[in-house]
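Asker: Compact mmCIF, C-alpha atoms, saved as target.txt, coming up:
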# COMPACT_ATOMS: atom_id res chain seq x y z
CA MET M 220 49.54 96.57 54.26
CA THR M 221 51.57 99.76 53.79
CA THR M 222 55.32 99.99 53.40
CA ASP M 223 57.27 103.09 54.35
CA VAL M 224 60.70 103.35 52.72
CA CYS M 225 63.20 105.48 54.60
CA ARG M 226 66.92 106.23 54.55
CA PRO M 227 69.61 104.88 56.90
CA PRO M 228 71.70 107.44 58.84
CA ASP M 229 73.76 109.74 56.59
CA GLY M 230 72.20 108.10 53.54
CA ALA M 231 74.20 104.86 53.90
CA SER M 232 72.80 101.94 51.90
CA LEU M 233 72.63 98.40 53.25
CA ALA M 234 75.33 97.37 50.74
CA GLN M 235 77.62 100.17 51.95
CA ALA M 236 77.05 99.32 55.58
CA GLN M 237 77.90 95.66 54.87
CA GLY M 238 81.18 96.68 53.32
CA GLY M 239 80.26 97.23 49.66
CA GLY M 240 81.24 100.50 48.01
CA ASP M 241 82.48 103.36 50.13
CA ALA M 242 81.29 102.33 53.56
CA PRO M 243 80.94 105.25 55.97
CA ALA M 244 83.30 105.49 58.92
CA ALA M 245 82.34 103.98 62.26
CA ILE M 246 80.57 106.26 64.70
CA ASP M 247 80.06 106.38 68.45
CA PRO M 248 78.45 102.99 69.24
CA THR M 249 76.05 104.66 71.69
CA TRP M 250 74.77 107.14 69.08
CA LEU M 251 71.18 105.92 69.25
CA ALA M 252 70.92 106.87 72.92
CA GLY M 253 71.39 110.47 71.83
CA PHE M 254 67.90 110.35 70.30
CA ALA M 255 66.22 109.39 73.59
CA ARG M 256 63.07 111.39 74.26
CA ASN M 257 59.73 110.72 75.86
CA VAL M 258 56.36 111.30 74.30
CA HIS M 259 54.64 108.59 76.33
CA SER M 260 57.56 106.31 77.28
CA GLN M 261 59.47 106.16 80.56
CA SER M 262 63.17 106.73 79.86
CA GLY M 263 63.57 107.97 76.30
CA GLU M 264 62.33 104.85 74.51
CA ASP M 265 60.05 106.79 72.12
CA GLY M 266 62.93 108.68 70.53
CA VAL M 267 65.23 105.66 70.25
CA ILE M 268 62.49 103.50 68.72
CA GLU M 269 61.66 106.26 66.27
CA LYS M 270 65.28 106.55 65.11
CA ILE M 271 65.74 102.77 64.84
CA LEU M 272 62.65 102.48 62.65
CA GLN M 273 63.78 105.41 60.48
CA THR M 274 67.06 103.58 59.91
CA LEU M 275 65.40 100.45 58.55
CA PRO M 276 65.11 100.25 54.74
CA ALA M 277 61.37 99.40 54.83
CA ARG M 278 58.61 99.20 57.42
CA THR M 279 55.29 97.39 57.71
CA LYS M 280 53.88 99.91 60.24
CA TRP M 281 52.73 97.19 62.66
CA CYS M 282 53.76 96.88 66.31
CA VAL M 283 52.98 94.61 69.27
CA GLU M 284 53.27 95.44 72.97
CA PHE M 285 52.74 93.37 76.13
CA GLY M 286 52.01 93.98 78.98
CA ALA M 287 50.44 97.02 77.48
CA TRP M 288 48.89 98.25 80.76
CA ASP M 289 46.19 100.74 79.69
CA GLY M 290 47.88 101.46 76.35
CA ARG M 291 48.99 104.89 77.55
CA HIS M 292 50.94 104.65 80.80
CA LEU M 293 54.67 104.52 79.98
CA SER M 294 53.82 102.95 76.62
CA ASN M 295 56.50 102.15 74.04
CA THR M 296 53.95 102.01 71.20
CA ARG M 297 51.44 104.82 71.81
CA HIS M 298 53.64 107.37 70.03
CA LEU M 299 53.75 105.14 66.94
CA ILE M 300 49.98 104.60 67.03
CA GLU M 301 49.05 108.24 67.53
CA ASN M 302 51.73 110.02 65.53
CA ALA M 303 53.11 107.58 62.95
CA GLY M 304 49.96 105.81 61.73
CA TYR M 305 50.87 102.40 63.14
CA SER M 306 48.55 99.46 63.51
CA ALA M 307 49.02 97.64 66.80
CA VAL M 308 48.22 94.55 68.82
CA LEU M 309 48.19 95.56 72.50
CA ILE M 310 48.13 92.65 74.96
CA GLU M 311 47.26 92.97 78.64
CA GLY M 312 46.43 90.18 81.07
CA ALA M 313 45.13 92.10 84.08
CA GLY M 314 41.37 92.57 83.81
CA ALA M 315 41.04 96.14 85.09
CA LYS M 316 43.98 97.38 83.03
CA PHE M 317 42.64 95.66 79.93
CA GLU M 318 39.27 97.39 80.32
CA GLU M 319 41.09 100.74 80.42
CA LEU M 320 43.09 99.70 77.36
CA ARG M 321 39.94 98.75 75.47
CA ARG M 322 38.23 102.03 76.36
CA ASN M 323 41.26 104.11 75.43
CA TYR M 324 41.36 102.68 71.90
CA ALA M 325 37.65 102.02 71.36
CA GLY M 326 37.54 104.40 68.40
CA ASN M 327 40.78 103.29 66.74
CA ARG M 328 40.22 100.50 64.21
CA ARG M 329 43.97 100.08 63.74
CA VAL M 330 44.42 98.87 67.32
CA THR M 331 43.54 95.32 68.38
CA PRO M 332 43.36 94.97 72.18
CA VAL M 333 43.89 91.40 73.42
CA HIS M 334 43.03 90.27 76.95
CA SER M 335 45.62 87.60 77.66
CA PHE M 336 48.74 86.81 79.63
CA VAL M 337 51.56 85.91 77.26
CA GLY M 338 53.13 82.59 78.17
CA PHE M 339 55.87 80.45 76.69
CA THR M 340 54.11 77.31 75.50
CA ALA M 341 52.54 76.48 72.15
CA ALA M 342 49.11 77.11 73.68
CA ASP M 343 49.67 80.51 75.30
CA GLY M 344 52.78 81.97 73.63
CA LEU M 345 52.84 85.02 71.39
CA ASP M 346 52.68 82.87 68.25
CA ALA M 347 49.33 81.46 69.38
CA ILE M 348 47.95 84.86 70.39
CA LEU M 349 48.84 86.51 67.07
CA ALA M 350 47.68 83.60 64.92
CA GLY M 351 44.63 84.64 62.94
CA LEU M 352 45.32 88.37 63.24
CA PRO M 353 46.22 90.30 60.06
CA ILE M 354 49.73 91.13 61.24
CA PRO M 355 52.79 90.35 59.06
CA ARG M 356 55.33 87.90 60.40
CA ASP M 357 58.08 90.50 60.11
CA PHE M 358 56.17 93.29 61.85
CA ASP M 359 58.28 96.28 62.85
CA LEU M 360 58.35 96.36 66.64
CA LEU M 361 57.83 93.98 69.56
CA SER M 362 57.89 95.55 73.04
CA ILE M 363 58.10 93.12 75.98
CA ASP M 364 57.55 94.15 79.60
CA VAL M 365 55.97 91.57 81.89
CA ASP M 366 58.21 92.05 84.95
CA GLY M 367 59.54 88.51 85.12
CA THR M 368 59.27 85.92 82.38
CA ASP M 369 60.24 88.33 79.58
CA TYR M 370 63.19 86.10 78.63
CA HIS M 371 61.05 82.99 78.34
CA VAL M 372 58.24 84.60 76.33
CA TRP M 373 60.73 86.02 73.81
CA LYS M 374 62.57 82.71 73.58
CA ALA M 375 59.29 80.96 72.76
CA VAL M 376 58.50 83.21 69.77
CA ALA M 377 59.21 81.17 66.64
CA THR M 378 56.62 81.98 63.96
CA TYR M 379 57.16 85.74 64.01
CA GLN M 380 60.41 87.63 63.42
CA PRO M 381 59.88 91.29 64.31
CA LYS M 382 62.50 93.64 62.94
CA VAL M 383 63.00 95.36 66.30
CA VAL M 384 62.61 93.96 69.82
CA VAL M 385 62.54 96.14 72.93
CA VAL M 386 62.72 94.23 76.21
CA GLU M 387 62.98 95.27 79.84
CA PHE M 388 65.94 93.93 81.82
CA ASN M 389 66.58 94.06 85.56
CA ALA M 390 68.68 97.19 85.94
CA THR M 391 70.06 96.13 89.34
CA ILE M 392 72.04 93.26 87.78
CA PRO M 393 75.63 94.09 86.76
CA THR M 394 76.25 94.03 83.02
CA GLU M 395 78.72 91.13 83.15
CA VAL M 396 76.25 88.82 84.94
CA SER M 397 74.08 86.42 82.96
CA PHE M 398 70.93 85.74 84.99
CA VAL M 399 67.68 84.15 83.83
CA GLN M 400 64.82 83.86 86.28
CA ALA M 401 62.74 80.70 86.59
CA ALA M 402 60.14 80.07 83.90
CA ASP M 403 57.37 80.73 86.38
CA PRO M 404 54.81 83.53 85.88
CA ALA M 405 54.43 83.80 89.66
CA VAL M 406 58.11 84.83 90.00
CA ASN M 407 59.14 88.45 89.45
CA HIS M 408 62.94 88.46 89.51
CA GLY M 409 63.60 89.76 86.02
CA ASN M 410 66.54 88.91 83.78
CA SER M 411 69.92 90.44 83.10
CA LEU M 412 70.93 92.42 80.05
CA ARG M 413 73.67 89.90 79.20
CA ALA M 414 71.17 87.04 79.23
CA PHE M 415 69.03 88.91 76.70
CA VAL M 416 72.06 89.61 74.51
CA GLU M 417 72.89 85.90 74.48
CA LEU M 418 69.29 84.97 73.70
CA GLY M 419 69.05 87.63 71.00
CA ARG M 420 72.08 86.27 69.20
CA GLU M 421 70.62 82.77 69.31
CA LYS M 422 67.48 84.15 67.67
CA GLY M 423 69.31 86.21 65.03
CA TYR M 424 69.30 89.63 66.71
CA GLU M 425 71.98 92.14 67.62
CA LEU M 426 71.97 94.73 70.40
CA VAL M 427 71.95 98.34 69.12
CA ALA M 428 71.05 100.46 72.16
CA VAL M 429 70.53 100.32 75.91
CA LEU M 430 68.59 102.76 78.07
CA PRO M 431 68.30 102.52 81.87
CA TYR M 432 65.61 99.81 81.81
CA ASN M 433 65.26 98.60 78.23
CA ALA M 434 67.48 96.94 75.63
CA PHE M 435 66.93 97.41 71.88
CA PHE M 436 67.65 94.66 69.35
CA VAL M 437 67.40 94.56 65.58
CA ASP M 438 67.23 91.63 63.21
CA ARG M 439 70.81 90.78 62.25
CA GLU M 440 69.98 91.45 58.61
CA TYR M 441 69.67 95.16 59.41
CA PHE M 442 72.44 95.48 61.99
CA PRO M 443 75.08 96.75 59.51
CA LEU M 444 72.90 99.81 58.82
CA PHE M 445 73.58 101.05 62.33
CA ARG M 446 77.37 101.07 61.85
CA ILE M 447 78.02 99.92 65.41
CA ARG M 448 81.34 98.10 65.47
CA ASP M 449 81.31 97.41 69.21
CA ASN M 450 77.87 96.40 70.45
CA ARG M 451 78.96 94.63 73.59
CA PRO M 452 76.55 95.33 76.44
CA GLU M 453 79.43 96.80 78.44
CA THR M 454 79.84 99.41 75.70
CA LEU M 455 76.21 100.26 75.03
CA ARG M 456 75.02 100.31 78.63
CA THR M 457 76.18 103.59 80.12
CA ASP M 458 73.73 104.03 83.02
CA LEU M 459 74.69 101.80 85.94
CA SER M 460 72.85 103.80 88.60
CA GLY M 461 70.61 100.84 89.49
CA VAL M 462 73.46 98.46 90.33
CA THR M 463 74.52 97.69 93.90
CA TYR M 464 78.07 96.38 94.20
CA LEU M 465 79.05 94.01 97.01
CA PHE M 466 82.67 93.18 97.78
CA SER M 467 84.78 92.13 100.72
CA GLY M 468 87.93 93.44 102.31
CA PHE M 469 90.88 91.20 103.06
CA ASP M 470 89.66 91.08 106.64
CA GLY M 471 86.19 89.78 105.67
CA THR M 472 84.34 93.09 106.01
CA VAL M 473 81.56 93.32 103.44
CA PHE M 474 81.12 96.64 101.63
CA LEU M 475 78.23 97.97 99.53
CA ARG M 476 78.60 100.66 96.89
CA GLY M 477 76.46 101.98 94.07
CA ASN M 478 72.67 102.08 94.38
CA ARG M 479 72.45 100.32 97.75
CA SER M 480 68.68 99.92 97.75
CA LEU M 481 65.75 97.70 96.81
CA PRO M 482 64.49 100.19 94.19
CA TRP M 483 61.01 98.71 93.68
CA HIS M 484 60.35 98.72 97.43
CA GLY M 485 62.14 101.95 98.33
CA LEU M 486 64.19 100.29 101.06
CA PRO M 487 67.91 100.89 101.65
CA LEU M 488 70.49 98.11 101.82
CA GLU M 489 72.70 98.54 104.89
CA GLU M 490 76.25 97.22 105.20
CA ALA M 491 75.62 96.24 108.80
CA ALA M 492 72.87 93.87 107.66
CA VAL M 493 75.06 91.91 105.23
CA GLN M 494 78.14 91.24 107.38
CA ARG M 495 79.07 87.54 107.45
CA LEU M 496 81.64 87.66 110.24
CA PRO M 497 81.23 89.07 113.76
CA ARG M 498 83.31 92.19 114.30
CA MET M 499 85.91 90.41 116.49
CA LEU M 500 86.74 88.01 113.62
CA ARG M 501 87.04 90.63 110.87
CA LYS M 502 90.78 90.37 110.57
CA TYR M 503 93.13 89.06 107.88
CA PRO M 504 93.37 85.29 108.71
CA ASP M 505 97.19 85.26 108.85
CA HIS M 506 96.97 87.84 111.63
CA TYR M 507 94.66 85.79 113.87
CA THR M 508 95.95 84.95 117.30
CA ARG M 509 95.68 81.31 118.39
CA LEU M 510 92.51 82.15 120.34
CA GLU M 511 90.99 84.00 117.36
CA ARG M 512 91.81 81.10 115.05
CA ALA M 513 90.03 78.70 117.39
CA ALA M 514 87.08 81.12 117.61
CA PHE M 515 86.89 81.28 113.81
CA ARG M 516 86.84 77.46 113.52
CA ALA M 517 84.02 77.30 116.05
CA PHE M 518 82.11 80.08 114.27
CA ASP M 519 82.57 78.35 110.92
CA LEU M 520 81.19 75.05 112.24
CA LEU M 521 78.29 76.60 114.16
CA SER M 522 77.23 78.78 111.22
CA ALA M 523 76.93 75.69 109.00
CA PRO M 524 75.14 73.03 111.07
CA GLY M 525 75.09 70.56 108.21
CA ARG M 526 78.86 70.64 107.94
CA LEU M 527 79.21 70.18 111.70
CA ALA M 528 76.83 67.22 111.65
CA GLY M 529 78.81 65.70 108.80
CA ARG M 530 82.06 65.92 110.73
CA ILE M 531 80.46 64.36 113.80
CA ARG M 532 79.09 61.48 111.70
CA ARG M 533 82.50 60.87 110.13
CA ARG M 534 84.20 60.82 113.53
CA LEU M 535 81.62 58.44 114.92
CA ALA M 536 82.06 56.19 111.91
CA ARG M 537 85.83 56.11 112.40
CA GLY M 538 85.36 55.18 116.07
CA ARG M 539 83.33 52.05 115.30
Would you give me this structure, written as structure tokens?
Answerer:
Amino acid sequence: MTTDVCRPPDGASLAQAQGGGDAPAAIDPTWLAGFARNVHSQSGEDGVIEKILQTLPARTKWCVEFGAWDGRHLSNTRHLIENAGYSAVLIEGAGAKFEELRRNYAGNRRVTPVHSFVGFTAADGLDAILAGLPIPRDFDLLSIDVDGTDYHVWKAVATYQPKVVVVEFNATIPTEVSFVQAADPAVNHGNSLRAFVELGREKGYELVAVLPYNAFFVDREYFPLFRIRDNRPETLRTDLSGVTYLFSGFDGTVFLRGNRSLPWHGLPLEEAAVQRLPRMLRKYPDHYTRLERAAFRAFDLLSAPGRLAGRIRRRLARGR
């Protein structure tokens, strides 16, 4: 195992960053995003990962990625493997993609391709998959992108404590919303950034950077090195272009702003398709005429048949 010692930003020591000695002044909390660049990644992840790893006091030069696809397409680890001498465990569950992955790294003895879907039980979780492989428990980087159960597979990791975790969140979910999809591999809803922040803190990690689709966490032991005083997701997430905002007027008209699309399907979201009230009833309730008020009551009952049936049952019961 090799260890690569490097310096934190501006030469700050861990003791200084934790408050010992002359601690350097705080800097822009989003400073890591300024290092975003793509070698093989999608949205600047290669550059941010590189800078995070350079900031750590020591490295094992091991990384793990799943789903790794073919090991090249939009990979968060290929740059480390090809240009930084990293050893890697690349995990892919889809058969055709795994065969491409295996062929792409057939001549690289530092790369271990694994054909498996990563689950969240003792039998199929990451701990079980890595058991028996010569990877240290505090390996440098874990990259998670399985388009659904990412939250659950990270939560299930217990034996290993990677220094850095990169995980994909659903970029259409507003930052203030905590959403965790069902623990079902057949579901592809994704999870919110806030949910990952909450999970990370439970597991001893702190958020240090956010790019359009991925969040970056470091082991809390190293967080002071990054000199980020405000690491709230609202501060670190600056790209909200994927979010669609829905709100209503006082008259009940529903408005959409922001992205206004289903980005993975390429379909627009139309305001006309999400209106709850018919046009004639889109009026501030205090301004309804007697006829409009009666029409609204009828609409309310007819649009919720269960509620109407309940009222009828109660009236019938009173009449007995």
Asker: What's the 10 Å shell around M:Asp346, counting only C-alpha atoms, without same-chain residues fewer than 6 positions away, as a list in words?
Answerer: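 My reading of the contact set: Val337, Gly338, Phe339, Thr340, Arg356, Val372, Ala375, Val376, Ala377, Thr378 and Tyr379 of chain M.
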Asker: How close does each residue of stretch 239-320 of chain M get to stretch 417-434 of chain M, giving the shortest atom pair and distance in Å to one decimal for every residue with an atom at most 12 Å away, counting all atoms listed in the file, sorted by chain and residue number, as a tab-separated table?
Answerer:
residue	atom	partner	partner_atom	distance
M:Asp247	CA	M:Ala428	CA	11.4
M:Pro248	CA	M:Val427	CA	8.0
M:Thr249	CA	M:Ala428	CA	6.5
M:Trp250	CA	M:Ala428	CA	8.2
M:Leu251	CA	M:Ala428	CA	6.2
M:Ala252	CA	M:Ala428	CA	6.5
M:Gly253	CA	M:Ala428	CA	10.0
M:Phe254	CA	M:Ala428	CA	10.5
M:Ala255	CA	M:Leu430	CA	8.3
M:Arg256	CA	M:Leu430	CA	10.9
M:Ser260	CA	M:Asn433	CA	10.9
M:Gln261	CA	M:Tyr432	CA	8.9
M:Ser262	CA	M:Pro431	CA	6.9
M:Gly263	CA	M:Leu430	CA	7.4
M:Glu264	CA	M:Leu430	CA	7.5
M:Asp265	CA	M:Leu430	CA	11.2
M:Gly266	CA	M:Leu430	CA	11.1
M:Val267	CA	M:Ala428	CA	8.0
M:Ile268	CA	M:Ala428	CA	9.7
M:Lys270	CA	M:Ala428	CA	11.0
M:Ile271	CA	M:Val427	CA	8.7
M:Thr274	CA	M:Val427	CA	11.7
M:Asn295	CA	M:Asn433	CA	10.3
Asker: Give me a file of those residues, with C-alpha atoms, as a CSV table (one decimal), in the frame of the given file.
Answerer:
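Output (again_32.csv):
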chain,number,residue,atom,x,y,z
M,247,ASP,CA,80.1,106.4,68.4
M,248,PRO,CA,78.4,103.0,69.2
M,249,THR,CA,76.0,104.7,71.7
M,250,TRP,CA,74.8,107.1,69.1
M,251,LEU,CA,71.2,105.9,69.2
M,252,ALA,CA,70.9,106.9,72.9
M,253,GLY,CA,71.4,110.5,71.8
M,254,PHE,CA,67.9,110.4,70.3
M,255,ALA,CA,66.2,109.4,73.6
M,256,ARG,CA,63.1,111.4,74.3
M,260,SER,CA,57.6,106.3,77.3
M,261,GLN,CA,59.5,106.2,80.6
M,262,SER,CA,63.2,106.7,79.9
M,263,GLY,CA,63.6,108.0,76.3
M,264,GLU,CA,62.3,104.8,74.5
M,265,ASP,CA,60.0,106.8,72.1
M,266,GLY,CA,62.9,108.7,70.5
M,267,VAL,CA,65.2,105.7,70.2
M,268,ILE,CA,62.5,103.5,68.7
M,270,LYS,CA,65.3,106.6,65.1
M,271,ILE,CA,65.7,102.8,64.8
M,274,THR,CA,67.1,103.6,59.9
M,295,ASN,CA,56.5,102.2,74.0
Asker: Using only C-alpha atoms, pick whichever of M:Ala402, M:Leu320, M:Leu475, M:Ile392 has the shortest atom-to-atom distance to M:Pro487.
Answerer: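 Counting only C-alpha atoms, the residue closest to M:Pro487 is M:Leu475.
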Asker: Using only C-alpha atoms, which residues sit within 7 Å of M:Glu395 once same-chain residues fewer than 2 positions away are excluded, as a PyMOL selection string?
Answerer: chain M and resi 393+397+413
Asker: Within 10 Å of (60.5, 86.6, 80.3), in the coordinates the file gives, what residues turn up when you count all atoms listed in the file, written out as a PyMOL selection string?
Answerer: chain M and resi 337-339+363-375+386-388+399-404+407-410+415
Asker: What is the atom CA of M:Asn257-atom CA of M:Leu455 distance in Å, reported with one decimal?
Answerer: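 Atom-to-atom, atom CA of M:Asn257 and atom CA of M:Leu455 are spaced 19.5 Å apart.
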Asker: I need the residue nearest M:Pro353 from this list: M:Arg451, M:Arg322, M:Cys282, M:Ser294. Use all atoms listed in the file for the distance.
Answerer: M:Cys282
Asker: Using only C-alpha atoms, find the one residue out of M:Thr296, M:Thr394, M:Ser362, M:Asn389 that sits nearest to M:Thr454.
Answerer: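 Distance minimum relative to M:Thr454 lands on M:Thr394.
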Asker: Quick one: distance from atom CA of M:Tyr305 to atom CA of M:Lys280 in Å, one decimal?
Answerer: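 Result for atom CA of M:Tyr305 versus atom CA of M:Lys280: 4.9 Å, one decimal.
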Asker: Give me, please, the distance in Å between atom CA of M:Asp438 and atom CA of M:Asp359, quoted to one decimal.
Answerer: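 Computing it gives 10.1 Å between the two atoms.
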